[in-house]
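As provided, structure-v4.cif (mmCIF, C-alpha atoms) reads as follows.
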```
data_run
#
loop_
_atom_site.label_atom_id
_atom_site.label_comp_id
_atom_site.auth_asym_id
_atom_site.auth_seq_id
_atom_site.Cartn_x
_atom_site.Cartn_y
_atom_site.Cartn_z
CA MET A 1 -32.63 7.82 8.82
CA SER A 2 -35.63 10.00 9.65
CA ILE A 3 -35.15 13.68 10.39
CA VAL A 4 -36.23 14.68 13.89
CA ILE A 5 -37.99 18.02 14.15
CA THR A 6 -37.82 19.59 17.60
CA ILE A 7 -40.48 21.99 18.85
CA LEU A 8 -39.46 24.10 21.85
CA ILE A 9 -42.31 25.26 24.08
CA PRO A 10 -41.32 28.15 26.36
CA HIS A 11 -42.65 28.22 29.92
CA LYS A 12 -44.78 31.32 29.21
CA ILE A 13 -46.47 29.57 26.25
CA ARG A 14 -47.15 26.50 28.38
CA GLU A 15 -48.74 28.71 31.06
CA GLN A 16 -50.83 30.51 28.45
CA LEU A 17 -52.10 27.23 26.98
CA CYS A 18 -52.93 25.87 30.45
CA ALA A 19 -54.98 29.00 31.22
CA VAL A 20 -56.90 28.68 27.93
CA LEU A 21 -57.60 24.99 28.64
CA GLN A 22 -58.84 25.75 32.14
CA THR A 23 -61.24 28.35 30.77
CA ALA A 24 -62.49 25.99 28.03
CA GLY A 25 -63.13 23.18 30.52
CA ASP A 26 -64.51 20.08 28.79
CA ASN A 27 -64.84 21.83 25.41
CA GLU A 28 -62.25 21.75 22.66
CA VAL A 29 -60.42 24.98 21.90
CA GLY A 30 -57.58 25.87 19.60
CA GLY A 31 -55.65 28.38 17.57
CA ILE A 32 -52.49 28.79 15.55
CA LEU A 33 -48.80 28.39 16.35
CA MET A 34 -46.28 31.03 15.36
CA GLY A 35 -42.67 30.19 15.70
CA GLU A 36 -39.02 31.05 15.34
CA HIS A 37 -36.54 28.93 13.42
CA VAL A 38 -33.71 28.69 15.98
CA ALA A 39 -31.52 25.90 14.56
CA GLU A 40 -31.61 23.23 11.90
CA ASN A 41 -34.89 21.31 12.33
CA THR A 42 -35.57 23.18 15.60
CA PHE A 43 -38.39 25.67 16.08
CA ARG A 44 -39.51 27.60 19.16
CA ILE A 45 -43.15 28.51 19.59
CA VAL A 46 -43.04 32.24 20.25
CA GLU A 47 -46.74 33.01 20.07
CA VAL A 48 -50.05 31.18 20.04
CA SER A 49 -53.49 32.47 19.30
CA ALA A 50 -56.53 31.22 21.17
CA GLN A 51 -59.67 31.31 19.13
CA SER A 52 -62.54 33.22 20.74
CA GLN A 53 -65.15 30.69 19.62
CA ARG A 54 -64.89 27.45 21.58
CA GLY A 55 -65.85 24.05 20.29
CA THR A 56 -67.88 21.30 21.85
CA ARG A 57 -66.73 18.35 23.92
CA SER A 58 -65.77 16.46 20.75
CA TYR A 59 -65.33 19.03 17.99
CA PHE A 60 -63.42 22.21 17.22
CA LEU A 61 -64.04 24.34 14.12
CA ARG A 62 -61.15 26.50 12.97
CA GLN A 63 -62.07 30.16 12.33
CA LEU A 64 -59.90 31.16 9.37
CA ARG A 65 -60.56 34.91 9.52
CA GLU A 66 -59.49 35.08 13.17
CA ALA A 67 -56.38 32.99 12.49
CA LEU A 68 -55.37 35.24 9.60
CA PHE A 69 -55.77 38.33 11.79
CA HIS A 70 -53.35 36.90 14.38
CA LEU A 71 -50.91 35.77 11.71
CA THR A 72 -50.91 39.16 9.95
CA SER A 73 -50.23 40.93 13.26
CA PHE A 74 -47.41 38.49 14.03
CA PHE A 75 -45.77 39.11 10.64
CA GLN A 76 -45.94 42.87 11.20
CA ARG A 77 -44.33 42.58 14.65
CA THR A 78 -41.55 40.37 13.25
CA HIS A 79 -40.98 42.71 10.28
CA HIS A 80 -41.98 40.04 7.74
CA ASN A 81 -38.79 38.08 8.46
CA TYR A 82 -40.38 34.85 7.19
CA LYS A 83 -37.14 32.90 7.19
CA ARG A 84 -36.79 33.34 10.96
CA PHE A 85 -40.41 33.88 12.13
CA ASN A 86 -43.32 32.10 10.52
CA TYR A 87 -46.50 30.11 10.82
CA LEU A 88 -45.76 26.70 12.34
CA GLY A 89 -49.20 25.17 12.35
CA GLU A 90 -52.27 24.63 14.48
CA TRP A 91 -53.06 23.58 18.01
CA HIS A 92 -56.22 22.38 19.67
CA SER A 93 -57.28 20.44 22.70
CA HIS A 94 -58.61 16.93 23.11
CA PRO A 95 -59.98 17.15 26.66
CA ALA A 96 -61.88 13.86 26.35
CA TYR A 97 -59.76 11.96 23.82
CA LEU A 98 -56.25 10.69 23.24
CA LEU A 99 -53.61 13.04 21.90
CA TYR A 100 -53.86 11.61 18.39
CA PRO A 101 -55.17 13.46 15.34
CA SER A 102 -58.69 12.48 14.33
CA PRO A 103 -59.52 11.83 10.66
CA THR A 104 -60.93 15.38 10.52
CA ASP A 105 -57.71 16.74 12.06
CA GLN A 106 -55.68 14.84 9.47
CA GLU A 107 -57.74 16.15 6.56
CA THR A 108 -57.49 19.75 7.79
CA MET A 109 -53.72 19.54 8.17
CA TRP A 110 -53.21 17.98 4.73
CA ASP A 111 -55.34 20.80 3.27
CA ILE A 112 -53.17 23.40 5.01
CA VAL A 113 -49.82 21.95 3.96
CA HIS A 114 -50.97 21.61 0.33
CA ASP A 115 -52.57 25.07 0.11
CA HIS A 116 -50.31 27.12 -2.16
CA GLN A 117 -51.53 30.35 -0.54
CA VAL A 118 -50.20 29.13 2.81
CA GLY A 119 -46.87 28.22 1.23
CA ALA A 120 -45.75 25.94 4.07
CA ASN A 121 -43.17 23.19 3.60
CA PHE A 122 -44.72 21.46 6.60
CA ALA A 123 -47.33 22.11 9.26
CA VAL A 124 -47.37 21.15 12.93
CA LEU A 125 -50.48 19.92 14.70
CA LEU A 126 -50.08 20.23 18.46
CA ILE A 127 -52.79 18.43 20.40
CA ILE A 128 -52.98 19.19 24.10
CA ARG A 129 -54.99 18.56 27.26
CA LEU A 130 -54.74 19.11 30.97
CA SER A 131 -54.11 16.10 33.14
CA ASN A 132 -54.19 16.86 36.88
CA GLY A 133 -53.20 20.45 36.13
CA THR A 134 -50.26 19.44 33.94
CA LEU A 135 -50.08 20.06 30.21
CA ASP A 136 -49.95 16.86 28.15
CA ALA A 137 -49.01 17.37 24.53
CA ALA A 138 -48.17 15.56 21.31
CA ALA A 139 -47.20 17.06 17.98
CA THR A 140 -47.44 15.61 14.51
CA ILE A 141 -45.61 17.12 11.54
CA TYR A 142 -47.42 17.00 8.19
CA MET A 143 -44.99 17.05 5.27
CA ARG A 144 -45.83 18.06 1.72
CA ASP A 145 -44.94 14.58 0.45
CA TYR A 146 -47.74 13.10 2.60
CA ARG A 147 -45.37 11.76 5.22
CA LEU A 148 -46.07 12.17 8.93
CA ARG A 149 -43.47 12.70 11.60
CA GLN A 150 -43.79 12.90 15.34
CA ALA A 151 -42.12 15.99 16.68
CA LYS A 152 -39.86 15.97 19.68
CA LEU A 153 -41.41 18.39 22.19
CA VAL A 154 -39.15 20.18 24.66
CA PHE A 155 -40.75 22.18 27.48
CA GLU A 156 -38.38 24.99 28.37
CA THR A 157 -38.01 26.25 31.93
CA ALA A 158 -39.05 29.64 33.25
CA ASN A 159 -35.35 30.56 33.68
CA ARG A 160 -34.68 30.59 29.95
CA THR A 161 -34.44 34.10 28.50
CA ASP A 162 -36.73 34.61 25.50
CA ASN A 163 -35.33 36.63 22.62
CA THR A 164 -38.66 37.53 21.04
#
```

What do you get writing this file as structure tokens?
Amino acid sequence: MSIVITILIPHKIREQLCAVLQTAGDNEVGGILMGEHVAENTFRIVEVSAQSQRGTRSYFLRQLREALFHLTSFFQRTHHNYKRFNYLGEWHSHPAYLLYPSPTDQETMWDIVHDHQVGANFAVLLIIRLSNGTLDAAATIYMRDYRLRQAKLVFETANRTDNT
């Protein structure tokens, strides 16, 4: 039986991502996902970065220095409590394509999950786009043993109280 990993997306994060996508228009954009481990195999996205440099209609280049800046700040705010708060993975948009990782996306994620300096047991790739003003999303989990898993995405309502 396959383990299901659930990614909770709070309403405020969904709104933030929608605003970034609207600004980017037809160009790809992305950043990193920072999350909280809230239950077994369940993680809540508590913060996302949005890279200042946008991509093109069909390509997004990750800016490592900018990502590390956001991650370092996040770790300081969460008092380096890595067991509870940590890097979850990456996100970027596919405004003109399906919500499936490209071969380049796949290669990047495998590099991240196997980078000993990152130290991740897995990495999430969240691919998003706007469709008639609504956020469409799909998440793939990259495991160290080269297995892929689809994540179960849960969009939380605005009424939920965030504990971050």

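Candidate residues A:Lys83, A:Arg44, A:His37, A:Arg54 were compared for distance to Pro10 in chain A, and the nearest is A:Arg44, using all atoms listed in the file.
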
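With distances taken over all atoms listed in the file, A:Leu126 is the one residue among A:Ala151, A:Val118, A:Leu126, A:Leu71 lying closest to Gly30 in chain A.
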
### Task
Tell me which of A:Leu88, A:Leu33, A:Ala139, A:Ala96 sits closest to Gly119 in chain A, counting only C-alpha atoms.
A:Leu88

Result set of the PyMOL selection byres ((chain A and resi 124) around 6) on the coordinates above, as a compact mmCIF listing (two decimals) with C-alpha atoms, in the coordinates of the input:
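File written: expr-v7.txt
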```txt
# COMPACT_ATOMS: atom_id res chain seq x y z
CA LEU A 88 -45.76 26.70 12.34
CA GLY A 89 -49.20 25.17 12.35
CA ALA A 123 -47.33 22.11 9.26
CA LEU A 125 -50.48 19.92 14.70
CA THR A 140 -47.44 15.61 14.51
CA ILE A 141 -45.61 17.12 11.54
```

Adding 3 Å on each side of the box along x, y and z that holds all listed atoms of range 8-14 of chain A, could you give its centre and edge lengths in Å to one decimal, as JSON?
```
{"center_x": -43.3, "center_y": 27.7, "center_z": 25.9, "size_x": 13.7, "size_y": 13.2, "size_z": 14.1}
```

Non-local contacts of Asp136 in chain A (12 Å; only C-alpha atoms; under 5 positions in same chain excluded) as a PDB file with C-alpha atoms, in the frame of the given file:
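Saved as out07.pdb:
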```pdb
ATOM      1  CA  ARG A  14     -47.150  26.500  28.380  1.00  0.00           C
ATOM      2  CA  LEU A  17     -52.100  27.230  26.980  1.00  0.00           C
ATOM      3  CA  CYS A  18     -52.930  25.870  30.450  1.00  0.00           C
ATOM      4  CA  LEU A  21     -57.600  24.990  28.640  1.00  0.00           C
ATOM      5  CA  HIS A  92     -56.220  22.380  19.670  1.00  0.00           C
ATOM      6  CA  SER A  93     -57.280  20.440  22.700  1.00  0.00           C
ATOM      7  CA  HIS A  94     -58.610  16.930  23.110  1.00  0.00           C
ATOM      8  CA  PRO A  95     -59.980  17.150  26.660  1.00  0.00           C
ATOM      9  CA  TYR A  97     -59.760  11.960  23.820  1.00  0.00           C
ATOM     10  CA  LEU A  98     -56.250  10.690  23.240  1.00  0.00           C
ATOM     11  CA  LEU A  99     -53.610  13.040  21.900  1.00  0.00           C
ATOM     12  CA  TYR A 100     -53.860  11.610  18.390  1.00  0.00           C
ATOM     13  CA  LEU A 126     -50.080  20.230  18.460  1.00  0.00           C
ATOM     14  CA  ILE A 127     -52.790  18.430  20.400  1.00  0.00           C
ATOM     15  CA  ILE A 128     -52.980  19.190  24.100  1.00  0.00           C
ATOM     16  CA  ARG A 129     -54.990  18.560  27.260  1.00  0.00           C
ATOM     17  CA  LEU A 130     -54.740  19.110  30.970  1.00  0.00           C
ATOM     18  CA  SER A 131     -54.110  16.100  33.140  1.00  0.00           C
ATOM     19  CA  LEU A 153     -41.410  18.390  22.190  1.00  0.00           C
ATOM     20  CA  VAL A 154     -39.150  20.180  24.660  1.00  0.00           C
ATOM     21  CA  PHE A 155     -40.750  22.180  27.480  1.00  0.00           C
TER      22      PHE A 155
END
```

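Using only C-alpha atoms, the nearest neighbour of Glu28 in chain A within the list A:Thr104, A:Ser73, A:Asn41, A:Gln51 is A:Gln51.
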
### Message
When you count all atoms listed in the file, which of these residues is closest to Phe122 in chain A: A:Ser102, A:Asn86, A:Asn27, A:Gln53?
### Response
A:Asn86

### Residues within 12 Å of Tyr146 in chain A, only C-alpha atoms, excluding chain neighbours under 2 positions, as a PyMOL selection string
chain A and resi 106-107+109-114+121-123+141-144+148-149

### Query
To one decimal place, how far is CA of Thr157 in chain A from CA of Val46 in chain A in Å?
14.1 Å

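Going from CA of Tyr87 in chain A over to CA of His70 in chain A, you cover 10.3 Å.
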
### Query
Interatomic distance between CA of Arg77 in chain A and CA of Glu90 in chain A?
19.6 Å

Kindly add N, CA and C atoms to the incomplete range 62-85 of chain A and provide the output as a compact mmCIF listing (two decimals), in the coordinates of the input.
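Dumped everything to result-v2.txt:
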```txt
# COMPACT_ATOMS: atom_id res chain seq x y z
N ARG A 62 -62.13 25.44 13.18
CA ARG A 62 -61.15 26.50 12.97
C ARG A 62 -61.80 27.71 12.31
N GLN A 63 -61.56 28.90 12.87
CA GLN A 63 -62.07 30.16 12.33
C GLN A 63 -60.95 30.84 11.54
N LEU A 64 -60.98 30.69 10.23
CA LEU A 64 -59.90 31.16 9.37
C LEU A 64 -59.66 32.66 9.48
N ARG A 65 -60.71 33.45 9.48
CA ARG A 65 -60.56 34.91 9.52
C ARG A 65 -59.81 35.34 10.79
N GLU A 66 -60.16 34.75 11.91
CA GLU A 66 -59.49 35.08 13.17
C GLU A 66 -58.03 34.65 13.15
N ALA A 67 -57.76 33.47 12.59
CA ALA A 67 -56.38 32.99 12.49
C ALA A 67 -55.54 33.92 11.62
N LEU A 68 -56.10 34.35 10.51
CA LEU A 68 -55.37 35.24 9.60
C LEU A 68 -55.08 36.59 10.25
N PHE A 69 -56.00 37.08 11.06
CA PHE A 69 -55.77 38.33 11.79
C PHE A 69 -54.54 38.20 12.70
N HIS A 70 -54.48 37.11 13.48
CA HIS A 70 -53.35 36.90 14.38
C HIS A 70 -52.05 36.74 13.60
N LEU A 71 -52.10 36.01 12.51
CA LEU A 71 -50.91 35.77 11.71
C LEU A 71 -50.40 37.06 11.07
N THR A 72 -51.30 37.88 10.55
CA THR A 72 -50.91 39.16 9.95
C THR A 72 -50.25 40.07 10.98
N SER A 73 -50.81 40.12 12.18
CA SER A 73 -50.23 40.93 13.26
C SER A 73 -48.84 40.42 13.64
N PHE A 74 -48.70 39.10 13.71
CA PHE A 74 -47.41 38.49 14.03
C PHE A 74 -46.36 38.86 12.98
N PHE A 75 -46.71 38.77 11.71
CA PHE A 75 -45.77 39.11 10.64
C PHE A 75 -45.36 40.58 10.71
N GLN A 76 -46.28 41.45 11.07
CA GLN A 76 -45.94 42.87 11.20
C GLN A 76 -44.96 43.08 12.35
N ARG A 77 -45.21 42.42 13.49
CA ARG A 77 -44.33 42.58 14.65
C ARG A 77 -42.94 42.01 14.40
N THR A 78 -42.85 41.01 13.54
CA THR A 78 -41.55 40.37 13.25
C THR A 78 -40.96 40.90 11.94
N HIS A 79 -41.51 42.01 11.46
CA HIS A 79 -40.98 42.71 10.28
C HIS A 79 -40.90 41.82 9.04
N HIS A 80 -41.86 40.92 8.91
CA HIS A 80 -41.98 40.04 7.74
C HIS A 80 -40.69 39.25 7.49
N ASN A 81 -40.00 38.90 8.55
CA ASN A 81 -38.79 38.08 8.46
C ASN A 81 -39.22 36.61 8.44
N TYR A 82 -39.77 36.17 7.30
CA TYR A 82 -40.38 34.85 7.19
C TYR A 82 -39.39 33.70 7.35
N LYS A 83 -38.14 33.95 7.05
CA LYS A 83 -37.14 32.90 7.19
C LYS A 83 -36.90 32.56 8.66
N ARG A 84 -37.01 33.57 9.52
CA ARG A 84 -36.79 33.34 10.96
C ARG A 84 -38.10 33.12 11.71
N PHE A 85 -39.12 33.95 11.42
CA PHE A 85 -40.41 33.88 12.13
C PHE A 85 -41.51 33.53 11.14
```
